[in-house]
Each structure stands twice: as structure tokens, then as C-alpha cells.
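Peer 1: Have a peek at model-v1.cif (mmCIF, C-alpha atoms, pLDDT in the B column; chains and numbers go by the auth columns).
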data_target
#
loop_
_atom_site.group_PDB
_atom_site.id
_atom_site.type_symbol
_atom_site.label_atom_id
_atom_site.label_comp_id
_atom_site.label_asym_id
_atom_site.label_seq_id
_atom_site.Cartn_x
_atom_site.Cartn_y
_atom_site.Cartn_z
_atom_site.B_iso_or_equiv
_atom_site.auth_seq_id
_atom_site.auth_asym_id
ATOM 1 C CA MET A 1 6.562 -49.473 -123.801 73.00 12 A
ATOM 2 C CA ASP A 2 6.316 -49.426 -120.018 80.00 13 A
ATOM 3 C CA ARG A 3 4.684 -52.178 -117.987 84.00 14 A
ATOM 4 C CA ARG A 4 1.423 -50.301 -117.412 86.00 15 A
ATOM 5 C CA THR A 5 0.949 -49.707 -121.152 86.00 16 A
ATOM 6 C CA LYS A 6 1.692 -53.360 -121.886 82.00 17 A
ATOM 7 C CA GLU A 7 -0.886 -54.452 -119.316 85.00 18 A
ATOM 8 C CA GLN A 8 -3.439 -52.096 -120.822 84.00 19 A
ATOM 9 C CA VAL A 9 -2.768 -53.341 -124.380 85.00 20 A
ATOM 10 C CA ALA A 10 -2.962 -56.980 -123.245 85.00 21 A
ATOM 11 C CA ALA A 11 -6.244 -56.357 -121.389 84.00 22 A
ATOM 12 C CA GLU A 12 -7.768 -54.562 -124.375 86.00 23 A
ATOM 13 C CA LEU A 13 -6.703 -57.329 -126.750 85.00 24 A
ATOM 14 C CA HIS A 14 -7.989 -59.973 -124.335 82.00 25 A
ATOM 15 C CA GLU A 15 -11.443 -58.375 -124.414 84.00 26 A
ATOM 16 C CA LYS A 16 -11.400 -58.377 -128.214 83.00 27 A
ATOM 17 C CA LEU A 17 -10.264 -62.011 -128.329 82.00 28 A
ATOM 18 C CA LYS A 18 -13.087 -63.080 -126.006 82.00 29 A
ATOM 19 C CA ASP A 19 -15.870 -62.367 -128.477 82.00 30 A
ATOM 20 C CA PHE A 20 -15.038 -62.703 -132.138 84.00 31 A
ATOM 21 C CA LYS A 21 -16.448 -64.643 -135.032 85.00 32 A
ATOM 22 C CA LEU A 22 -13.101 -65.198 -136.759 88.00 33 A
ATOM 23 C CA ALA A 23 -9.518 -64.405 -135.794 87.00 34 A
ATOM 24 C CA VAL A 24 -6.737 -64.868 -138.331 89.00 35 A
ATOM 25 C CA LEU A 25 -3.044 -64.923 -137.501 89.00 36 A
ATOM 26 C CA THR A 26 -0.892 -63.442 -140.267 90.00 37 A
ATOM 27 C CA GLY A 27 2.769 -62.760 -140.836 89.00 38 A
ATOM 28 C CA TYR A 28 3.501 -59.370 -142.285 87.00 39 A
ATOM 29 C CA SER A 29 7.289 -59.200 -142.606 85.00 40 A
ATOM 30 C CA GLY A 30 8.296 -57.322 -145.722 84.00 41 A
ATOM 31 C CA MET A 31 5.155 -55.180 -145.841 87.00 42 A
ATOM 32 C CA ASP A 32 5.542 -51.433 -145.675 88.00 43 A
ATOM 33 C CA VAL A 33 3.237 -49.083 -143.786 91.00 44 A
ATOM 34 C CA ALA A 34 1.235 -48.189 -146.895 91.00 45 A
ATOM 35 C CA LYS A 35 0.331 -51.830 -147.561 91.00 46 A
ATOM 36 C CA ILE A 36 -0.597 -52.467 -143.935 91.00 47 A
ATOM 37 C CA THR A 37 -2.775 -49.356 -143.971 92.00 48 A
ATOM 38 C CA ALA A 38 -4.428 -50.537 -147.200 91.00 49 A
ATOM 39 C CA LEU A 39 -5.124 -53.925 -145.590 91.00 50 A
ATOM 40 C CA ARG A 40 -6.635 -52.219 -142.551 91.00 51 A
ATOM 41 C CA VAL A 41 -8.929 -50.165 -144.779 92.00 52 A
ATOM 42 C CA VAL A 42 -10.064 -53.279 -146.653 90.00 53 A
ATOM 43 C CA LEU A 43 -10.719 -55.147 -143.407 90.00 54 A
ATOM 44 C CA ARG A 44 -12.612 -52.224 -141.858 91.00 55 A
ATOM 45 C CA LYS A 45 -15.126 -52.445 -144.709 89.00 56 A
ATOM 46 C CA SER A 46 -15.965 -55.994 -143.613 86.00 57 A
ATOM 47 C CA ASN A 47 -16.274 -55.071 -139.913 87.00 58 A
ATOM 48 C CA ALA A 48 -12.865 -56.451 -138.996 90.00 59 A
ATOM 49 C CA GLU A 49 -9.661 -54.965 -137.664 91.00 60 A
ATOM 50 C CA LEU A 50 -5.959 -55.703 -137.959 90.00 61 A
ATOM 51 C CA ARG A 51 -3.784 -55.470 -134.853 89.00 62 A
ATOM 52 C CA ILE A 52 -0.012 -55.774 -134.827 89.00 63 A
ATOM 53 C CA VAL A 53 1.019 -57.149 -131.452 85.00 64 A
ATOM 54 C CA LYS A 54 4.172 -58.484 -129.859 87.00 65 A
ATOM 55 C CA ASN A 55 4.099 -62.251 -129.412 84.00 66 A
ATOM 56 C CA SER A 56 4.518 -62.056 -125.630 86.00 67 A
ATOM 57 C CA LEU A 57 1.538 -59.694 -125.312 85.00 68 A
ATOM 58 C CA LEU A 58 -0.488 -61.863 -127.681 84.00 69 A
ATOM 59 C CA SER A 59 0.295 -64.917 -125.592 84.00 70 A
ATOM 60 C CA ILE A 60 -0.836 -63.145 -122.418 86.00 71 A
ATOM 61 C CA ALA A 61 -3.966 -61.703 -124.055 85.00 72 A
ATOM 62 C CA SER A 62 -5.022 -65.021 -125.582 83.00 73 A
ATOM 63 C CA ARG A 63 -5.118 -66.895 -122.275 85.00 74 A
ATOM 64 C CA GLU A 64 -8.558 -68.278 -121.450 84.00 75 A
ATOM 65 C CA THR A 65 -9.849 -67.518 -124.959 83.00 76 A
ATOM 66 C CA ASP A 66 -10.417 -69.645 -128.041 81.00 77 A
ATOM 67 C CA PHE A 67 -7.432 -67.947 -129.658 81.00 78 A
ATOM 68 C CA CYS A 68 -4.957 -69.726 -127.360 80.00 79 A
ATOM 69 C CA ALA A 69 -5.283 -72.772 -129.657 81.00 80 A
ATOM 70 C CA LEU A 70 -2.950 -70.964 -132.077 82.00 81 A
ATOM 71 C CA GLU A 71 -0.181 -70.356 -129.540 82.00 82 A
ATOM 72 C CA GLU A 72 2.190 -72.669 -131.419 84.00 83 A
ATOM 73 C CA HIS A 73 2.160 -70.153 -134.295 81.00 84 A
ATOM 74 C CA PHE A 74 3.257 -67.177 -132.163 85.00 85 A
ATOM 75 C CA ARG A 75 6.682 -66.775 -133.810 86.00 86 A
ATOM 76 C CA GLY A 76 8.038 -63.895 -135.850 85.00 87 A
ATOM 77 C CA PRO A 77 6.292 -60.614 -136.601 88.00 88 A
ATOM 78 C CA LEU A 78 2.554 -61.230 -136.318 88.00 89 A
ATOM 79 C CA ALA A 79 -0.661 -59.367 -136.973 89.00 90 A
ATOM 80 C CA VAL A 80 -4.100 -60.507 -135.861 90.00 91 A
ATOM 81 C CA ALA A 81 -7.197 -59.869 -137.970 90.00 92 A
ATOM 82 C CA ILE A 82 -10.284 -59.983 -135.760 90.00 93 A
ATOM 83 C CA ALA A 83 -13.664 -60.236 -137.490 89.00 94 A
ATOM 84 C CA ARG A 84 -16.937 -59.365 -135.821 85.00 95 A
ATOM 85 C CA GLY A 85 -19.016 -59.132 -138.993 81.00 96 A
ATOM 86 C CA ASP A 86 -19.416 -61.435 -141.958 82.00 97 A
ATOM 87 C CA VAL A 87 -16.759 -64.148 -141.709 86.00 98 A
ATOM 88 C CA VAL A 88 -16.765 -64.925 -145.433 87.00 99 A
ATOM 89 C CA GLU A 89 -16.313 -61.285 -146.403 88.00 100 A
ATOM 90 C CA THR A 90 -13.340 -60.892 -144.041 89.00 101 A
ATOM 91 C CA THR A 91 -11.762 -64.120 -145.259 90.00 102 A
ATOM 92 C CA LYS A 92 -12.189 -63.067 -148.890 91.00 103 A
ATOM 93 C CA ALA A 93 -10.546 -59.723 -148.142 89.00 104 A
ATOM 94 C CA LEU A 94 -7.562 -61.380 -146.460 91.00 105 A
ATOM 95 C CA VAL A 95 -7.087 -64.094 -149.090 90.00 106 A
ATOM 96 C CA ASP A 96 -7.388 -61.607 -151.973 90.00 107 A
ATOM 97 C CA PHE A 97 -4.916 -59.242 -150.324 90.00 108 A
ATOM 98 C CA ALA A 98 -2.497 -62.135 -149.684 89.00 109 A
ATOM 99 C CA LYS A 99 -2.703 -63.137 -153.372 90.00 110 A
ATOM 100 C CA LYS A 100 -1.806 -59.604 -154.455 90.00 111 A
ATOM 101 C CA ASN A 101 0.880 -59.125 -151.783 86.00 112 A
ATOM 102 C CA ALA A 102 3.191 -62.080 -151.289 86.00 113 A
ATOM 103 C CA SER A 103 4.588 -60.559 -148.101 87.00 114 A
ATOM 104 C CA LEU A 104 1.304 -61.188 -146.249 88.00 115 A
ATOM 105 C CA GLU A 105 1.329 -64.767 -145.016 89.00 116 A
ATOM 106 C CA ILE A 106 -1.824 -66.265 -143.567 89.00 117 A
ATOM 107 C CA LYS A 107 -0.678 -68.676 -140.870 88.00 118 A
ATOM 108 C CA ALA A 108 -3.792 -69.989 -139.110 86.00 119 A
ATOM 109 C CA ALA A 109 -7.194 -68.958 -137.819 89.00 120 A
ATOM 110 C CA VAL A 110 -9.816 -69.701 -135.198 89.00 121 A
ATOM 111 C CA MET A 111 -13.550 -69.721 -135.878 88.00 122 A
ATOM 112 C CA GLY A 112 -16.117 -70.884 -133.375 82.00 123 A
ATOM 113 C CA GLY A 113 -13.411 -72.187 -131.047 81.00 124 A
ATOM 114 C CA LYS A 114 -11.920 -74.454 -133.696 87.00 125 A
ATOM 115 C CA PRO A 115 -8.573 -73.850 -135.390 88.00 126 A
ATOM 116 C CA LEU A 116 -8.599 -73.498 -139.175 88.00 127 A
ATOM 117 C CA SER A 117 -5.717 -74.090 -141.550 86.00 128 A
ATOM 118 C CA ARG A 118 -4.721 -71.952 -144.512 86.00 129 A
ATOM 119 C CA GLU A 119 -6.507 -74.354 -146.863 87.00 130 A
ATOM 120 C CA GLN A 120 -9.723 -74.199 -144.884 88.00 131 A
ATOM 121 C CA LEU A 121 -9.597 -70.398 -144.967 88.00 132 A
ATOM 122 C CA THR A 122 -9.184 -70.509 -148.747 88.00 133 A
ATOM 123 C CA ILE A 123 -12.254 -72.748 -149.024 87.00 134 A
ATOM 124 C CA LEU A 124 -14.174 -70.378 -146.732 87.00 135 A
ATOM 125 C CA ALA A 125 -13.194 -67.441 -148.946 87.00 136 A
ATOM 126 C CA GLU A 126 -14.683 -69.191 -151.988 88.00 137 A
ATOM 127 C CA LEU A 127 -18.152 -69.326 -150.431 86.00 138 A
ATOM 128 C CA PRO A 128 -20.722 -66.795 -151.634 86.00 139 A
ATOM 129 C CA SER A 129 -21.362 -63.851 -149.347 79.00 140 A
ATOM 130 C CA ARG A 130 -24.222 -63.778 -146.867 79.00 141 A
ATOM 131 C CA GLU A 131 -26.332 -61.530 -149.103 83.00 142 A
ATOM 132 C CA VAL A 132 -25.953 -63.879 -152.076 86.00 143 A
ATOM 133 C CA LEU A 133 -26.902 -66.896 -149.971 85.00 144 A
ATOM 134 C CA LEU A 134 -29.952 -65.074 -148.582 89.00 145 A
ATOM 135 C CA GLY A 135 -30.974 -64.123 -152.131 90.00 146 A
ATOM 136 C CA LYS A 136 -30.723 -67.740 -153.260 89.00 147 A
ATOM 137 C CA LEU A 137 -32.756 -68.890 -150.266 89.00 148 A
ATOM 138 C CA LEU A 138 -35.417 -66.274 -150.956 88.00 149 A
ATOM 139 C CA SER A 139 -35.669 -67.269 -154.623 87.00 150 A
ATOM 140 C CA LEU A 140 -36.078 -70.905 -153.603 85.00 151 A
ATOM 141 C CA MET A 141 -38.814 -70.012 -151.156 85.00 152 A
ATOM 142 C CA VAL A 142 -40.671 -67.896 -153.720 83.00 153 A
ATOM 143 C CA GLY A 143 -40.231 -70.592 -156.387 82.00 154 A
ATOM 144 C CA VAL A 144 -41.812 -73.251 -154.179 80.00 155 A
ATOM 145 C CA GLN A 145 -44.809 -71.037 -153.448 83.00 156 A
ATOM 146 C CA THR A 146 -45.244 -70.199 -157.134 83.00 157 A
ATOM 147 C CA SER A 147 -45.144 -73.875 -158.071 82.00 158 A
ATOM 148 C CA LEU A 148 -47.661 -74.720 -155.356 83.00 159 A
ATOM 149 C CA VAL A 149 -50.057 -72.017 -156.589 84.00 160 A
ATOM 150 C CA ASN A 150 -49.726 -73.293 -160.176 84.00 161 A
ATOM 151 C CA VAL A 151 -50.446 -76.877 -159.127 85.00 162 A
ATOM 152 C CA LEU A 152 -53.403 -75.920 -156.947 86.00 163 A
ATOM 153 C CA SER A 153 -54.927 -73.672 -159.607 87.00 164 A
ATOM 154 C CA GLY A 154 -54.577 -76.391 -162.249 85.00 165 A
ATOM 155 C CA VAL A 155 -57.540 -78.445 -161.016 86.00 166 A
ATOM 156 C CA PRO A 156 -60.136 -75.633 -161.135 88.00 167 A
ATOM 157 C CA ARG A 157 -58.708 -74.401 -164.451 88.00 168 A
ATOM 158 C CA ASN A 158 -59.080 -77.872 -165.993 88.00 169 A
ATOM 159 C CA PHE A 159 -62.611 -78.157 -164.591 89.00 170 A
ATOM 160 C CA VAL A 160 -63.553 -74.795 -166.163 88.00 171 A
ATOM 161 C CA GLN A 161 -62.030 -75.884 -169.484 91.00 172 A
ATOM 162 C CA VAL A 162 -64.054 -79.113 -169.439 90.00 173 A
ATOM 163 C CA LEU A 163 -67.251 -77.176 -168.679 90.00 174 A
ATOM 164 C CA ASP A 164 -66.475 -74.707 -171.496 90.00 175 A
ATOM 165 C CA ALA A 165 -65.884 -77.591 -173.933 90.00 176 A
ATOM 166 C CA TYR A 166 -69.172 -79.166 -172.841 91.00 177 A
ATOM 167 C CA ARG A 167 -70.952 -75.819 -173.341 91.00 178 A
ATOM 168 C CA GLU A 168 -69.473 -75.445 -176.845 91.00 179 A
ATOM 169 C CA GLN A 169 -70.520 -78.997 -177.700 90.00 180 A
ATOM 170 C CA LYS A 170 -74.095 -78.287 -176.585 89.00 181 A
ATOM 171 C CA ALA A 171 -74.140 -74.983 -178.487 89.00 182 A
ATOM 172 C CA SER A 172 -72.930 -76.614 -181.723 88.00 183 A
ATOM 173 C CA ALA A 173 -75.503 -79.435 -181.377 82.00 184 A
ATOM 174 C CA ASN A 174 -78.371 -76.961 -181.268 71.00 185 A
#
If you convert what's in this file into C-alpha cells, what do you get?
Peer 2:
Amino acid sequence: MDRRTKEQVAAELHEKLKDFKLAVLTGYSGMDVAKITALRVVLRKSNAELRIVKNSLLSIASRETDFCALEEHFRGPLAVAIARGDVVETTKALVDFAKKNASLEIKAAVMGGKPLSREQLTILAELPSREVLLGKLLSLMVGVQTSLVNVLSGVPRNFVQVLDAYREQKASAN
């Protein structure tokens, strides 16, 4: 790669590392092209991408970004997964793929400017997806309204039942 191409790759990667929700640093030694392609396909479904970059270019591209916090991990063959969509979905995809393929090693990650360890990523992957959490929130909101309606309608219903009982008592007395 000539110098101009390297500068272009570093500038493009720098722009991607400026605005991301989650960036995961992975080691991929021992993976063949078919497995890397399969991982890219899985990550694309969760609005993320996998970039294989030389460590020197990654170091240059990560300057003045939140990703520079992981510079101590820039050793060996590295790939960077950059998520712009649902963070949990991307993390689940990476962790599941790493469980099935021992050659993919998750080293570290950055989310919201804070570095995350492998263990923290595993915990993040165990969270329910955004859609599931929104569904649970919606069911809670509907449940509260239903309970409120039942409580508020109880007083008039009891009043009507008392009046009906009084009417029946008067009718049976006649």
C-alpha cells in the first residue's frame, strides 16, 4: 500500500471512529476468509461493520477519538467491529460468533467513551434486545392504565350494586 492509500484509509477509519455507539477490538488469527465473511454478514444485519486494519493505521486513525483508550491492545492481527445500530444486538452477534469460533478473540471495547472488558461485553450480550425491552415497557404502561380504570370503576359499580340490592329489597317487601 502506498502512502496516499494509507492516508486515505486512516482518514476514512478516523471518521468512522469519531461517531460510533460501540467499537470492539477483536483478534482474528486462525480465521479463514469464509469465517470472516460470515462474521461480516452477521454484523451487517445489526448495523455494524468489521474492518481489518494494520495496527499502525489503527493507531493513527484512533487519535483524538474515544477509541484511543484501547491503544494498549493494538498488538497482533486485529479487526475492529464498529456498531452504529443496536449495541446489544451487535454484542450478541460477536459473542455468539466467538463461542462458535474459538479463533475469534474479543479483546476489548469502547462504548460511550468508556472502555469495556470482555466480561462486561458478555454481560451486555445477555441483555434483552431493544424491541423486547420496549415491549416490556409498553405492557407495564398498559397494565397500570388497566388497573387504574378497574379501581376507578369499582366505586360506581359498587354503588349501583347497593342500589340494585335496595331495589330488590323494596320489591320483595311489597
Peer 1: Counting all atoms listed in the file, what is within 9 Å of Gly96 (chain A), bar same-chain residues fewer than 6 positions away, as JSON, numbers by chain?
Peer 2: {"A": [31, 32, 33, 57, 58, 59]}
Peer 1: Grab the CA of Lys65 (chain A) to CA of Ser114 (chain A) distance for me, in Å with one decimal place.
Peer 2: 18.4 Å
Peer 1: Run the PyMOL selection byres ((chain A and resi 131) around 12) mentally over the shown coordinates, then write out the matched residues as a ChimeraX atom specification, using the chain letters and numbers from the document.
Peer 2: /A:35,99,102,106,117-122,125-130,132-138
Peer 1: Which one of A:Leu28, A:Leu54, A:Val98, A:Val64 sits closest to Ser140 (chain A) if you count only C-alpha atoms?
Peer 2: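 Using only C-alpha atoms, the shortest distance to Ser140 (chain A) belongs to A:Val98.
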Peer 1: Rounded to one decimal in Å, what is the spacing between CA of Val91 (chain A) and CA of Leu36 (chain A)?
Peer 2: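 Taking CA of Val91 (chain A) as the start and CA of Leu36 (chain A) as the end point, the length is 4.8 Å.
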